[in-house]
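Asks: Handing you this structure, nothing more for now.
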Protein chains: 2
Amino acid sequence: MASPLETILNPRGIVFFGANNSVTTMGTTQLVDILAAGYPGRIFPVHPTLDTVMGLKAYKSVKDIPTSETIDLAFIVIPARHIPAVLDECGQRGIKHAVVISAGFREIENKAANDALIEVTRKHGIRFIGPNCIGFYNRNISWVDPAERDKKAINTTWIPINPRNGGVSIASQSGTFACHIFITMQKSNMGINKTISVGNEASIDLVDCLEYLENDPTTRVIGLYIEEIKRGREFLKVATRITKTKPIVAIYVGGTEAGARAGKSHTGAIGGNDRVFNAVCKQAGIIRAMDLEELLDYCHILDVSPVPKGDRVCILTNAGGPGVNMSDAVERLGMKMPVFSPEFQQKLREKIQIPTAQVRNIVDLTFDVNPELMYRTLPRTLLKSDEFDAMLVYGIFGWTFYAMLEKQHPLIKIPVDDIRIMQTALLEYYAKLPRMFNKPVIGVALAGREDGAVVVLQDLGFPVFEMPHRAVKALWALNERRKSLDRIAQREKTVAAT
Amino acid sequence: MASPLETILNPRGIVFFGANNSVTTMGTTQLVDILAAGYPGRIFPVHPTLDTVMGLKAYKSVKDIPTSETIDLAFIVIPARHIPAVLDECGQRGIKHAVVISAGFREIENKAANDALIEVTRKHGIRFIGPNCIGFYNRNISWVDPAERDKKAINTTWIPINPRNGGVSIASQSGTFACHIFITMQKSNMGINKTISVGNEASIDLVDCLEYLENDPTTRVIGLYIEEIKRGREFLKVATRITKTKPIVAIYVGGTEAGARAGKSHTGAIGGNDRVFNAVCKQAGIIRAMDLEELLDYCHILDVSPVPKGDRVCILTNAGGPGVNMSDAVERLGMKMPVFSPEFQQKLREKIQIPTAQVRNIVDLTFDVNPELMYRTLPRTLLKSDEFDAMLVYGIFGWTFYAMLEKQHPLIKIPVDDIRIMQTALLEYYAKLPRMFNKPVIGVALAGREDGAVVVLQDLGFPVFEMPHRAVKALWALNERRKSLDRIAQREKTVAAT
């Protein structure tokens with residue numbers, strides 16, 4: 001049976017309740033965002049008095065919309081007390097799917113409103129996300145030609161940002177984690193596929209989302225924000241099945257007393273013990289994130305990077321401190337910094353030709369900024385070896401640095417354009433390294449996208465993080481994924497043998 | 001006795017070895033950065049062949065510089081083998097202070113070079129930082145009028161950025177942590193006072209830096225990057241004394257095997273056990289940071305925020321998820337999320353007037369974006385109460401959001417300029433709240449300085465972090481400072497009583 005989310009996230013027509021011509025209302029913002037992201041279906045606003053809403057013909061009631069029009073989804077941003085009547089009319093019209101943004105139900109213990117919502121949707125067999133949610137985002141509408149998808153997303157959230165397309169889909173019990181995150185994603189040009197804000201989960205819950213995303217062909221990584229797990233057994237079963245093919249990263253905030261209490265006020269959730277959740281993660285092969293940044297970084301790296309074959313890390317740097325700091329973090333996170341063999345050290349020394357350089361691992365060029373060495377010859381020599389499984393690189397400094405330097409003194413003349421062209425060619429090669437050698441290579445650059453080199457690399461899908469510890473933690477997530485896949489393979493071998 | 005760092009960081013004249021007219025050399029970059037930051041003293045480049053270096057008259061030798069010129073400091077960026085002869089001439093000229101940038105000494109086990117350096121500097125009584133360092137930065141040259149200091153800093157590092165003035169001074173065994181950090185500081189307009197890169201510490205070590213910064217009137221917070229502690233007993237004694245009046249934050253990377261090994265290659269450091277360092281921190285009241293971001297964030301918050309009087313936290317948010325996530329983190333970090341009294345909840349409910357709002361603590365406005373409520377009336381009501389000691393705020397959304405929204409649809413007309421003016425006035429009030437109520441108030445905004453509201457607040461010295469967990473961790477550092485001050489007071493009371 002197809003998931004109701006298949007229709008909800010890929011509607012061919014939407015009836016929209018709760019938008020007007022004032023952007024101070026939530027509904028109007030959401031309608032505008034749907035239009036701006038390039039939604040290719042038709043939208044039918046319903047409004048008691050207006051003739052047009054944001055340039056679209058408006059209807060007094062869903063009953064007034066010609067039956068010849070295809071409407072797959074009711075999108076509802078009106079006060080809770082009006083919702084049952086509206087959904088009743090939608091049901092009569094044969095609309096079986098809805099998004100209920102409005103709050104004022106279980107989370108404030110409004111049992112009457114909740115009961116009425118459940119009753120009317122049961123009566124018509126309507127499946128919906130919400131109430132008390134922010135809607136969804138879909139960068140890959142199933143019936144849109146893949147070549148067109150960059151211009152034809154559907155963004156029903158209130159954040160007017162359309163991030164880059166990617167393999168990461170997020171299902172969340174927090175609306176914020178389904179849309180405010182677009183702001184953060186833009187800062188590293190991280191790709192997103194879908195987000196689903198499940199709100200109070202009166203009809204569709206996280207397990208439904210997992211089942212849908214499991215079968216979604218464009219989703220490669222699943223991220224979850226969890227305040228409580230309603231169907232524990234199903235969650236464990238489905239998640240365990242999914243992680244055989246797609247990694248799951250989850251943040252869980254119901255494990256402390258404060259988190260559980262706050263969750264109850266937020267979506268009416270009752271959290272469980274932290275240790276129980278850790279056990280669930282271990283059993284199901286879920287990678288746990290502790291904060292928003294970890295959730296996004298882990299999803300990001302699992303989407304763009306190969307998984308390492310072991311836990312041996314090489315650090316390449318042109319600055320000592322961050323290298324030492326990263327090596328310290330590598331070991332704290334249970335990975336290894338092997339000392340390279342004398343033969344390999346000798347080979348590196350010949351390649352590097354800098355007397356102060358270090359080659360034992362850390363490989364430290366000590367301030368050298370020769371881009372040919374840093375971005376081509378040295379990484380190639382390193383990645384060809386079998387003495388490590390993944391590489392962390394500090395020292396992505398692009399031409400932006402030279403442009404900045406040139407402004408410092410009238411006598412400085414730097415051919416910034418030539419440097420840009422030369423570096424860009426090298427970086428285009430560099431970005432291919434992880435796939436070419438099938439090893440994770442993760443960059444660090446404090447400047448972020450203020451630096452042109454970072455822009456080139458990130459836009460080619462090569463991961464560059466702004467902070468050294470974020471790169472190490474991202475690698476930790478890849479290493480956890482490796483361990484999880486190893487356990488799965490071991491388990492299947494055991495099953496096959498018995 | 002005055003610290004040699006007093007002269008090194010505030011030189012009235014510098015003889016510079018190792019710059020030419022090509023910015024591809026490190027020394028030239030450093031000379032240019034000194035000039036660009038507005039160094040108000042005189043610089044005398046020494047070069048064997050050039051007549052001018054970056055527009056400055058050059059000399060063949062330090063001996064050729066007229067003796068009428070005041071020269072306090074020799075700045076040296078030439079190959080290690082030439083350094084003893086140069087320092088000998090400097091010594092003959094009466095120059096007693098130096099910065100040795102050049103590498104190639106202890107860290108690559110070049111004992112001969114090291115011995116020669118030690119011998120010549122002992123002979124002349126020269127104190128110096130380095131070798132194998134990046135120099136220093138001083139935003140508050142002692143002999144420059146405070147009103148002029150914005151334009152007259154001294155930046156001897158190779159990063160051409162002059163951050164905002166502030167109370168944080170950093171002494172570091174990594175050059176990166178003394179200059180690359182300027183890139184990161186710019187992203188939140190964090191203030192800096194001084195940085196000192198101690199390199200191999202052949203003459204001046206971290207303890208010397210601590211003693212100097214202890215007495216530096218403009219330094220309010222001290223940050224340390226440590227690979228090893230050479231004079232353990234002195235370090236403990238000096239740090240314990242300093243933390244009575246100024247907080248110290250330290251990152252230590254020598255505690256793991258990989259970190260210790262890497263440190264040895266980096267600056268020749270031999271690290272010690274992690275547990276020993278933690279004991280030192282506890283004894284001396286040092287706040288330990290684990291990564292670069294923590295080091296900067298902790299220093300930043302300790303510089304700009306009052307210390308809380310207890311560990312009870314209030315979270316104010318207009319979005320559920322980040323609020324719940326922060327409350328979870330608050331408890332994990334050993335602080336408390338008290339449930340507000342029924343009377344106070346009632347008072348808040350009357351003030352807020354949003355039926356879906358939560359007031360138990362978390363105070364969640366649930367998507368409301370009424371700036372008058374969010375930035376003035378509600379925080380005032382909250383901060384007046386004695387039911388908590390510090391406040392975390394998610395929901396700094398400025399006019400930039402409206403500007404973004406306006407671009408989404410031709411029919412949207414938003415008076416962005418009016419909003420900007422109205423919000424700016426509110427934010428100027430808001431930035432005063434921590435001092436007005438003598439309680440920490442820490443903001444979170446995913447957008448960072450892309451949002452005009454964040455710019456206004458940060459430029460007024462109000463702390464806004466890009467990630468929820470960073471704000472919680474910053475508050476943790478303030479809470480650690482409180483506990484440390486409590487312990488000191490307790491200890492002094494005990495001493496007084498005996």
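A note on labels: chains of the structure tokens are A, B, ... as shown, every chain counts residues from 1, and ligands are counted from 1 in their shown order.
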Using only C-alpha atoms, determine which residues of chain B fall within 6 Å of chain A; present them as a PDB file with N, CA and C atoms, in the first residue's frame.

Replies:
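result_33.pdb, written as the output of this step:
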```
ATOM      1  N   ALA B  36      49.488  47.673   7.867  1.00  0.00           N
ATOM      2  CA  ALA B  36      48.060  47.839   7.575  1.00  0.00           C
ATOM      3  C   ALA B  36      47.228  48.013   8.839  1.00  0.00           C
ATOM      4  N   GLY B 104      62.706  25.461  12.536  1.00  0.00           N
ATOM      5  CA  GLY B 104      63.915  24.708  12.249  1.00  0.00           C
ATOM      6  C   GLY B 104      64.790  24.502  13.477  1.00  0.00           C
ATOM      7  N   SER B 174      50.254  27.399  19.585  1.00  0.00           N
ATOM      8  CA  SER B 174      49.990  27.248  18.147  1.00  0.00           C
ATOM      9  C   SER B 174      49.818  28.631  17.540  1.00  0.00           C
ATOM     10  N   THR B 176      48.389  29.274  14.752  1.00  0.00           N
ATOM     11  CA  THR B 176      47.041  29.324  14.195  1.00  0.00           C
ATOM     12  C   THR B 176      46.051  29.893  15.202  1.00  0.00           C
ATOM     13  N   ILE B 183      39.673  35.170  11.711  1.00  0.00           N
ATOM     14  CA  ILE B 183      38.649  34.864  10.698  1.00  0.00           C
ATOM     15  C   ILE B 183      37.357  34.487  11.407  1.00  0.00           C
ATOM     16  N   VAL B 253      45.751  19.863  24.344  1.00  0.00           N
ATOM     17  CA  VAL B 253      45.660  18.777  23.363  1.00  0.00           C
ATOM     18  C   VAL B 253      46.701  17.694  23.584  1.00  0.00           C
ATOM     19  N   THR B 256      45.898  13.041  24.952  1.00  0.00           N
ATOM     20  CA  THR B 256      45.773  11.738  24.292  1.00  0.00           C
ATOM     21  C   THR B 256      47.126  11.385  23.694  1.00  0.00           C
ATOM     22  N   ALA B 258      47.784  10.483  20.650  1.00  0.00           N
ATOM     23  CA  ALA B 258      47.943  11.125  19.338  1.00  0.00           C
ATOM     24  C   ALA B 258      48.249  12.609  19.505  1.00  0.00           C
ATOM     25  N   GLY B 259      47.548  13.255  20.423  1.00  0.00           N
ATOM     26  CA  GLY B 259      47.773  14.684  20.644  1.00  0.00           C
ATOM     27  C   GLY B 259      49.175  14.947  21.144  1.00  0.00           C
ATOM     28  N   ALA B 262      51.677  14.375  18.318  1.00  0.00           N
ATOM     29  CA  ALA B 262      51.593  15.443  17.326  1.00  0.00           C
ATOM     30  C   ALA B 262      52.194  16.721  17.880  1.00  0.00           C
ATOM     31  N   HIS B 266      55.133  19.248  16.549  1.00  0.00           N
ATOM     32  CA  HIS B 266      54.729  20.620  16.248  1.00  0.00           C
ATOM     33  C   HIS B 266      55.653  21.634  16.903  1.00  0.00           C
ATOM     34  N   GLY B 320       9.493  25.802  18.992  1.00  0.00           N
ATOM     35  CA  GLY B 320       9.531  24.746  19.990  1.00  0.00           C
ATOM     36  C   GLY B 320      10.816  23.941  20.013  1.00  0.00           C
ATOM     37  N   GLY B 321      11.179  23.349  18.866  1.00  0.00           N
ATOM     38  CA  GLY B 321      12.304  22.413  18.811  1.00  0.00           C
ATOM     39  C   GLY B 321      13.584  22.928  19.434  1.00  0.00           C
ATOM     40  N   VAL B 324      13.287  23.051  23.220  1.00  0.00           N
ATOM     41  CA  VAL B 324      13.356  21.740  23.867  1.00  0.00           C
ATOM     42  C   VAL B 324      14.791  21.222  23.838  1.00  0.00           C
ATOM     43  N   ASN B 325      15.419  21.361  22.689  1.00  0.00           N
ATOM     44  CA  ASN B 325      16.795  20.903  22.524  1.00  0.00           C
ATOM     45  C   ASN B 325      17.733  21.618  23.507  1.00  0.00           C
ATOM     46  N   SER B 327      16.832  23.007  26.396  1.00  0.00           N
ATOM     47  CA  SER B 327      16.528  22.627  27.778  1.00  0.00           C
ATOM     48  C   SER B 327      17.175  21.274  28.092  1.00  0.00           C
ATOM     49  N   ASP B 328      17.164  20.385  27.112  1.00  0.00           N
ATOM     50  CA  ASP B 328      17.834  19.090  27.250  1.00  0.00           C
ATOM     51  C   ASP B 328      19.335  19.307  27.505  1.00  0.00           C
ATOM     52  N   THR B 356      -1.727  29.457  22.487  1.00  0.00           N
ATOM     53  CA  THR B 356      -0.881  28.263  22.367  1.00  0.00           C
ATOM     54  C   THR B 356       0.459  28.417  23.090  1.00  0.00           C
ATOM     55  N   GLN B 408       9.938  37.299  -2.524  1.00  0.00           N
ATOM     56  CA  GLN B 408       9.330  36.034  -2.945  1.00  0.00           C
ATOM     57  C   GLN B 408       8.147  36.223  -3.894  1.00  0.00           C
ATOM     58  N   ALA B 447      20.913  32.480  11.531  1.00  0.00           N
ATOM     59  CA  ALA B 447      21.379  33.276  10.388  1.00  0.00           C
ATOM     60  C   ALA B 447      22.733  33.922  10.626  1.00  0.00           C
TER      61      ALA B 447
END
```

Asks: Would you mind writing down, as an MDAnalysis selection string, each residue of segment 314-373 of chain B that DSSP on the backbone assigns to helix (DSSP H, G or I)?

Replies: chainID B and resid 320:332 342:352 371:373

Asks: Name all residues at most 10 Å from Lys432 of chain A (count only C-alpha atoms; drop same-chain ones fewer than 6 positions away) and give them as an MDAnalysis selection string.

Replies: chainID A and resid 438 441 457 460:462

Asks: Could you write those residues out with all heavy atoms, as a compact mmCIF listing (two decimals), in the first residue's frame?

Replies:
```txt
# COMPACT_ATOMS: atom_id res chain seq x y z
N ASN A 438 37.99 6.27 -3.28
CA ASN A 438 36.99 5.65 -2.42
C ASN A 438 37.34 5.75 -0.93
O ASN A 438 37.23 4.77 -0.18
CB ASN A 438 36.77 4.19 -2.85
CG ASN A 438 35.45 3.64 -2.31
OD1 ASN A 438 34.52 4.41 -2.04
ND2 ASN A 438 35.37 2.34 -2.11
N VAL A 441 37.53 12.15 2.37
CA VAL A 441 38.45 13.29 2.50
C VAL A 441 37.58 14.45 2.94
O VAL A 441 36.61 14.79 2.26
CB VAL A 441 39.16 13.63 1.18
CG1 VAL A 441 40.15 14.77 1.40
CG2 VAL A 441 39.86 12.41 0.59
N LEU A 457 34.69 24.07 -3.80
CA LEU A 457 34.65 22.69 -3.30
C LEU A 457 33.24 22.31 -2.86
O LEU A 457 32.73 21.25 -3.24
CB LEU A 457 35.63 22.54 -2.13
CG LEU A 457 37.12 22.49 -2.52
CD1 LEU A 457 38.00 22.49 -1.28
CD2 LEU A 457 37.43 21.27 -3.38
N LEU A 460 30.80 21.64 -5.53
CA LEU A 460 31.04 20.36 -6.22
C LEU A 460 30.72 19.18 -5.30
O LEU A 460 30.99 18.03 -5.63
CB LEU A 460 32.49 20.28 -6.70
CG LEU A 460 32.85 21.23 -7.86
CD1 LEU A 460 34.35 21.29 -8.05
CD2 LEU A 460 32.16 20.78 -9.15
N GLY A 461 30.17 19.46 -4.14
CA GLY A 461 29.76 18.38 -3.23
C GLY A 461 30.86 17.87 -2.33
O GLY A 461 30.68 16.88 -1.63
N PHE A 462 32.01 18.54 -2.34
CA PHE A 462 33.10 18.14 -1.46
C PHE A 462 32.88 18.78 -0.08
O PHE A 462 32.65 19.97 0.02
CB PHE A 462 34.44 18.61 -2.05
CG PHE A 462 35.64 18.22 -1.22
CD1 PHE A 462 36.33 17.06 -1.48
CD2 PHE A 462 36.06 19.01 -0.15
CE1 PHE A 462 37.44 16.69 -0.72
CE2 PHE A 462 37.15 18.65 0.62
CZ PHE A 462 37.84 17.49 0.33
```

Asks: What's around Gln92 of chain A at 9 Å? Count only C-alpha atoms, leave out sequence neighbours fewer than 3 positions away in its own chain, and write the answer as a list of chain:residue names.

Replies: A:Lys63, A:Leu87, A:Asp88, A:Glu89, A:Ile95, A:His124

Asks: Need to verify the contact set: Thr52 of chain A, 9 Å, only C-alpha atoms, exclusion of same-chain residues closer than 6 positions in sequence. Can you return it as a PyMOL selection string?

Replies: chain A and resi 20-21+45+58-59

Asks: Residues at most 8 Å from Glu201 of chain B, counting only C-alpha atoms, excluding those fewer than 6 positions away in the same chain, as a list in words?

Replies: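 Using only C-alpha atoms, the neighbours found are Ile129, Gly130 and Pro131 of chain B.
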
Asks: Write out as a compact mmCIF listing (two decimals) with N, CA, C and O atoms, in the first residue's frame which residues come within 12 Å of Lys151 of chain A when counting only C-alpha atoms, dropping same-chain ones fewer than 5 positions away.

Replies:
```
# COMPACT_ATOMS: atom_id res chain seq x y z
N ILE A 34 5.34 28.51 -1.19
CA ILE A 34 5.00 27.45 -2.15
C ILE A 34 5.14 27.97 -3.58
O ILE A 34 5.75 27.33 -4.44
N LEU A 35 4.60 29.16 -3.80
CA LEU A 35 4.69 29.76 -5.13
C LEU A 35 6.14 30.04 -5.51
O LEU A 35 6.59 29.73 -6.62
N ALA A 36 6.89 30.62 -4.57
CA ALA A 36 8.25 31.07 -4.89
C ALA A 36 9.19 29.91 -5.18
O ALA A 36 10.12 30.04 -5.98
N ALA A 37 8.97 28.78 -4.52
CA ALA A 37 9.86 27.64 -4.76
C ALA A 37 9.56 26.98 -6.10
O ALA A 37 10.28 26.09 -6.54
N GLY A 38 8.50 27.42 -6.75
CA GLY A 38 8.21 26.95 -8.11
C GLY A 38 7.27 25.76 -8.18
O GLY A 38 7.30 24.99 -9.16
N TYR A 39 6.40 25.63 -7.19
CA TYR A 39 5.46 24.50 -7.20
C TYR A 39 4.71 24.44 -8.54
O TYR A 39 4.07 25.41 -8.94
N PRO A 40 4.78 23.32 -9.23
CA PRO A 40 4.23 23.26 -10.58
C PRO A 40 2.76 22.83 -10.64
O PRO A 40 2.19 22.79 -11.75
N ASN A 138 9.68 19.61 -0.34
CA ASN A 138 10.08 18.52 -1.24
C ASN A 138 10.80 19.09 -2.45
O ASN A 138 10.21 19.81 -3.26
N ARG A 139 12.06 18.72 -2.55
CA ARG A 139 12.93 19.20 -3.62
C ARG A 139 12.83 18.30 -4.84
O ARG A 139 13.39 18.62 -5.89
N ASN A 140 12.13 17.16 -4.68
CA ASN A 140 12.07 16.17 -5.77
C ASN A 140 10.65 15.66 -5.93
O ASN A 140 10.34 14.51 -5.59
N ILE A 141 9.77 16.51 -6.45
CA ILE A 141 8.39 16.10 -6.69
C ILE A 141 8.40 14.97 -7.71
O ILE A 141 8.99 15.09 -8.79
N VAL A 144 7.62 15.45 -11.42
CA VAL A 144 8.37 16.48 -12.15
C VAL A 144 9.63 15.85 -12.73
O VAL A 144 10.32 15.09 -12.06
N ASP A 145 9.90 16.17 -13.98
CA ASP A 145 11.11 15.70 -14.65
C ASP A 145 12.34 16.06 -13.81
O ASP A 145 12.50 17.20 -13.41
N PRO A 146 13.22 15.10 -13.53
CA PRO A 146 14.40 15.38 -12.70
C PRO A 146 15.19 16.61 -13.17
O PRO A 146 15.71 17.36 -12.34
N ASN A 162 15.31 28.02 -0.65
CA ASN A 162 15.24 26.80 -1.43
C ASN A 162 16.65 26.24 -1.54
O ASN A 162 17.40 26.59 -2.43
N PRO A 163 17.03 25.36 -0.59
CA PRO A 163 18.44 24.92 -0.59
C PRO A 163 18.75 24.06 -1.82
O PRO A 163 17.86 23.68 -2.57
N ARG A 164 20.00 23.76 -1.97
CA ARG A 164 20.50 22.89 -3.03
C ARG A 164 19.86 21.50 -2.90
O ARG A 164 19.56 21.04 -1.81
N ASN A 165 19.68 20.82 -4.01
CA ASN A 165 19.14 19.46 -3.98
C ASN A 165 20.18 18.48 -3.44
O ASN A 165 21.37 18.63 -3.70
```

Asks: From the set A:Ala489, A:Ser188, A:Thr494, A:Ala471, which residue has the shortest atom-to-atom contact distance to Val454 of chain A, counting only C-alpha atoms?

Replies: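 Of the candidates, the smallest distance to Val454 of chain A is held by A:Ser188.
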
Asks: With distances taken over only C-alpha atoms, which of B:Glu294, B:Asp418, B:Asp386, B:Glu343 is nearest to Lys473 of chain B?

Replies: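 Result for the nearest residue to Lys473 of chain B: B:Glu294.
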
Asks: Kindly give the distance, in Å, that separates atom CA of Glu109 of chain A and atom CA of Phe388 of chain B, rounded to a single decimal.

Replies: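 The value is 26.4 Å.
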
Asks: Can you check which residues of segment 22-57 of chain B DSSP gives as strand (DSSP E or B) on the backbone and send them as a PDB file with N, CA, C and O atoms, in the first residue's frame?

Replies:
```
ATOM      1  N   ARG B  42      58.042  53.201  14.403  1.00  0.00           N
ATOM      2  CA  ARG B  42      58.819  53.141  13.164  1.00  0.00           C
ATOM      3  C   ARG B  42      59.324  51.727  12.918  1.00  0.00           C
ATOM      4  O   ARG B  42      59.600  50.974  13.839  1.00  0.00           O
ATOM      5  N   ILE B  43      59.459  51.386  11.620  1.00  0.00           N
ATOM      6  CA  ILE B  43      59.953  50.064  11.244  1.00  0.00           C
ATOM      7  C   ILE B  43      61.185  50.243  10.365  1.00  0.00           C
ATOM      8  O   ILE B  43      61.177  51.043   9.426  1.00  0.00           O
ATOM      9  N   PHE B  44      62.227  49.456  10.683  1.00  0.00           N
ATOM     10  CA  PHE B  44      63.476  49.529   9.936  1.00  0.00           C
ATOM     11  C   PHE B  44      63.765  48.161   9.317  1.00  0.00           C
ATOM     12  O   PHE B  44      64.304  47.284   9.998  1.00  0.00           O
ATOM     13  N   PRO B  45      63.413  47.979   8.050  1.00  0.00           N
ATOM     14  CA  PRO B  45      63.716  46.686   7.430  1.00  0.00           C
ATOM     15  C   PRO B  45      65.212  46.554   7.181  1.00  0.00           C
ATOM     16  O   PRO B  45      65.863  47.540   6.813  1.00  0.00           O
ATOM     17  N   VAL B  46      65.705  45.361   7.400  1.00  0.00           N
ATOM     18  CA  VAL B  46      67.100  45.068   7.048  1.00  0.00           C
ATOM     19  C   VAL B  46      67.077  44.077   5.897  1.00  0.00           C
ATOM     20  O   VAL B  46      66.374  43.062   5.963  1.00  0.00           O
ATOM     21  N   THR B  52      64.687  49.686  -0.664  1.00  0.00           N
ATOM     22  CA  THR B  52      63.425  49.901   0.055  1.00  0.00           C
ATOM     23  C   THR B  52      62.707  48.563   0.145  1.00  0.00           C
ATOM     24  O   THR B  52      62.826  47.702  -0.740  1.00  0.00           O
ATOM     25  N   VAL B  53      61.952  48.415   1.200  1.00  0.00           N
ATOM     26  CA  VAL B  53      61.123  47.233   1.392  1.00  0.00           C
ATOM     27  C   VAL B  53      59.707  47.715   1.685  1.00  0.00           C
ATOM     28  O   VAL B  53      59.487  48.427   2.672  1.00  0.00           O
ATOM     29  N   LEU B  56      59.434  51.246   2.609  1.00  0.00           N
ATOM     30  CA  LEU B  56      60.241  51.737   3.739  1.00  0.00           C
ATOM     31  C   LEU B  56      61.720  51.698   3.365  1.00  0.00           C
ATOM     32  O   LEU B  56      62.164  50.773   2.679  1.00  0.00           O
ATOM     33  N   LYS B  57      62.491  52.681   3.836  1.00  0.00           N
ATOM     34  CA  LYS B  57      63.943  52.647   3.617  1.00  0.00           C
ATOM     35  C   LYS B  57      64.514  51.379   4.264  1.00  0.00           C
ATOM     36  O   LYS B  57      64.206  51.068   5.417  1.00  0.00           O
TER      37      LYS B  57
END
```

Asks: When you count only C-alpha atoms, which of these residues is closest to Phe75 of chain B: B:Leu427, B:Val15, B:Leu5, B:Ile126?

Replies: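 Residue with the minimum atom-to-atom distance to Phe75 of chain B: B:Val15.
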